[in-house]
$ cat coords_20.cif   # mmCIF, C-alpha atoms
data_final
loop_
_atom_site.label_atom_id
_atom_site.label_comp_id
_atom_site.auth_asym_id
_atom_site.auth_seq_id
_atom_site.Cartn_x
_atom_site.Cartn_y
_atom_site.Cartn_z
CA MET A 24 -8.68 6.93 21.67
CA ILE A 25 -11.27 6.95 18.98
CA ALA A 26 -11.13 10.01 16.82
CA LEU A 27 -14.47 9.83 15.18
CA ALA A 28 -15.40 13.38 15.87
CA GLY A 29 -12.94 14.54 13.26
CA LEU A 30 -14.74 12.50 10.63
CA ALA A 31 -18.12 14.07 11.19
CA LEU A 32 -17.50 17.21 9.18
CA GLY A 33 -20.75 17.31 7.24
CA THR A 34 -22.60 20.58 6.88
CA PRO A 35 -25.72 20.58 9.06
CA GLY A 36 -28.77 22.08 7.46
CA LEU A 37 -27.88 21.11 3.91
CA VAL A 38 -28.99 17.53 4.41
CA ARG A 39 -32.24 16.55 6.07
CA ALA A 40 -31.55 13.17 7.66
CA GLN A 41 -34.77 11.26 8.03
CA ASN A 42 -35.67 7.87 9.39
CA TRP A 43 -33.43 5.00 8.35
CA SER A 44 -35.98 3.78 5.79
CA GLN A 45 -35.90 7.19 4.10
CA LEU A 46 -32.17 7.02 3.40
CA SER A 47 -31.14 5.88 -0.07
CA ALA A 48 -29.96 2.30 -0.49
CA GLU A 49 -26.41 3.59 -0.97
CA GLU A 50 -26.57 5.71 2.20
CA GLN A 51 -27.91 2.72 4.12
CA ARG A 52 -25.06 0.54 2.81
CA ILE A 53 -22.41 3.07 3.81
CA LEU A 54 -23.96 3.85 7.20
CA ALA A 55 -24.87 0.21 7.98
CA PRO A 56 -22.76 0.08 11.19
CA LEU A 57 -25.01 2.82 12.60
CA LYS A 58 -28.34 1.23 11.63
CA ASP A 59 -29.30 -0.15 15.05
CA ASP A 60 -28.48 3.13 16.75
CA TRP A 61 -29.96 5.42 14.05
CA PRO A 62 -33.23 6.11 15.94
CA ASN A 63 -31.17 7.28 18.95
CA ILE A 64 -28.89 9.61 16.98
CA GLU A 65 -29.90 13.24 17.27
CA GLN A 66 -30.86 15.12 14.12
CA ALA A 67 -27.68 17.20 13.80
CA ARG A 68 -25.49 14.09 14.03
CA ARG A 69 -27.67 12.26 11.52
CA GLU A 70 -27.18 15.16 9.11
CA LYS A 71 -23.42 14.94 9.57
CA TRP A 72 -23.41 11.19 8.93
CA VAL A 73 -25.57 11.55 5.82
CA GLY A 74 -23.22 14.26 4.57
CA ILE A 75 -20.31 11.87 5.07
CA ALA A 76 -22.18 9.13 3.21
CA ARG A 77 -22.76 11.49 0.30
CA ARG A 78 -19.03 12.26 0.10
CA TYR A 79 -18.05 8.61 0.55
CA GLU A 80 -17.33 7.92 -3.12
CA SER A 81 -14.84 10.81 -3.21
CA LEU A 82 -12.79 9.22 -0.42
CA SER A 83 -9.75 7.07 -1.12
CA PRO A 84 -10.09 3.32 -0.44
CA ARG A 85 -7.94 3.79 2.68
CA GLN A 86 -10.19 6.59 3.94
CA ARG A 87 -13.28 4.47 3.27
CA ASP A 88 -11.84 1.53 5.20
CA ARG A 89 -10.91 3.80 8.08
CA LEU A 90 -14.37 5.37 8.12
CA GLN A 91 -16.07 1.98 8.16
CA ALA A 92 -13.80 0.76 10.97
CA ARG A 93 -14.49 3.88 13.00
CA MET A 94 -18.25 3.56 12.53
CA ARG A 95 -18.08 -0.06 13.72
CA GLN A 96 -16.04 1.02 16.75
CA TRP A 97 -18.50 3.80 17.53
CA ALA A 98 -21.50 1.50 17.17
CA ALA A 99 -19.91 -0.95 19.62
CA LEU A 100 -19.55 1.67 22.36
CA SER A 101 -22.05 1.97 25.16
CA PRO A 102 -23.85 5.32 25.63
CA GLU A 103 -21.55 6.02 28.59
CA GLU A 104 -18.43 5.32 26.53
CA ARG A 105 -19.70 7.59 23.75
CA ALA A 106 -20.27 10.36 26.28
CA GLN A 107 -16.69 9.90 27.51
CA VAL A 108 -15.34 10.09 23.96
CA ARG A 109 -17.33 13.26 23.31
CA GLU A 110 -16.07 14.78 26.56
CA ARG A 111 -12.44 13.94 25.71
CA TYR A 112 -12.90 15.48 22.27
CA LYS A 113 -14.39 18.62 23.83
CA ARG A 114 -11.45 18.90 26.26
CA LEU A 115 -9.02 18.36 23.40
CA GLN A 116 -10.64 21.18 21.41
CA GLU A 117 -10.29 23.50 24.40
CA MET A 118 -6.53 22.90 24.71
CA PRO A 119 -3.97 25.29 23.26
CA PRO A 120 -2.93 24.29 19.71
CA GLU A 121 0.61 23.42 20.87
CA LYS A 122 -0.71 20.91 23.41
CA ARG A 123 -3.07 19.37 20.81
CA ASP A 124 -0.15 19.07 18.38
CA GLU A 125 1.94 17.34 21.06
CA ILE A 126 -0.86 14.87 21.81
CA ARG A 127 -1.39 14.25 18.08
CA ARG A 128 2.36 13.62 17.61
CA LYS A 129 2.47 11.17 20.53
CA TRP A 130 -0.60 9.37 19.22
CA GLN A 131 0.97 9.07 15.76
CA GLU A 132 4.14 7.68 17.30
CA TYR A 133 2.09 5.11 19.21
CA ASP A 134 -0.02 4.28 16.16
CA SER A 135 3.11 3.59 14.10
CA LEU A 136 4.28 0.89 16.53
CA THR A 137 3.83 -2.78 15.69
CA GLU A 138 1.17 -4.70 17.61
CA GLU A 139 3.93 -6.44 19.56
CA GLU A 140 5.46 -3.09 20.56
CA LYS A 141 2.02 -1.80 21.59
CA ASP A 142 1.43 -4.93 23.71
CA ASN A 143 4.83 -4.52 25.37
CA LEU A 144 4.08 -0.88 26.11
CA ARG A 145 0.65 -1.74 27.57
CA GLN A 146 2.21 -4.42 29.78
CA ALA A 147 4.93 -2.04 30.96
CA HIS A 148 2.35 0.67 31.79
CA PRO A 149 -0.91 -1.09 32.70
CA ALA A 150 -2.49 1.98 34.33
CA ASN A 151 -2.07 4.10 31.21
CA LYS A 152 -4.50 3.66 28.33
CA PRO A 153 -3.13 4.68 24.94
#

$ encode --input "coords_20.cif" --output "structure tokens"
Amino acid sequence: MIALAGLALGTPGLVRAQNWSQLSAEEQRILAPLKDDWPNIEQARREKWVGIARRYESLSPRQRDRLQARMRQWAALSPEERAQVRERYKRLQEMPPEKRDEIRRKWQEYDSLTEEEKDNLRQAHPANKP
């Protein structure tokens, strides 16, 4: 599951995200994985991404790497896959906190596995997607 929605915590309204060419060189560098899709991103989401770009320097190197990886993953998704991710996120937000915590714990357990362990798990349960 891609958890990008949790990264987009910018404050809408404080930033007026314009066309790509109107972003600063630094914002363009940080948001580069989103460049091709920028014209298709709605205004509120652009504002969130620009807010993230403006906070980028305050992130740890690990957080920056994770953010860049997530942006590349997001950019690689089809519009249908993005809609599915948004829908899963919406359903997750509607769950009771205990259920969300359980899902988060299970995901962290899975994420801590080695790639070999993940492959073995996927082979043992081909119908289940982690």

$ atom_distance --input "coords_20.cif" --atom1 "CA of Lys58 in chain A" --atom2 "CA of Asn42 in chain A"
10.1 Å

$ atom_distance --input "coords_20.cif" --atom1 "CA of Asp88 in chain A" --atom2 "CA of Ala76 in chain A"
13.0 Å

$ resolve_selection --input "coords_20.cif" --expression "the PyMOL selection byres ((chain A and resi 56) around 12)" --output "ChimeraX atom specification"
/A:50-55,57-61,72,90-100

$ closest_residue --input "coords_20.cif" --among "A:Gln41, A:Arg109, A:Leu144, A:Ser83" --to "Arg69 in chain A" --atoms "only C-alpha atoms"
A:Gln41

$ atom_distance --input "coords_20.cif" --atom1 "CA of Gln131 in chain A" --atom2 "CA of Glu70 in chain A"
29.6 Å
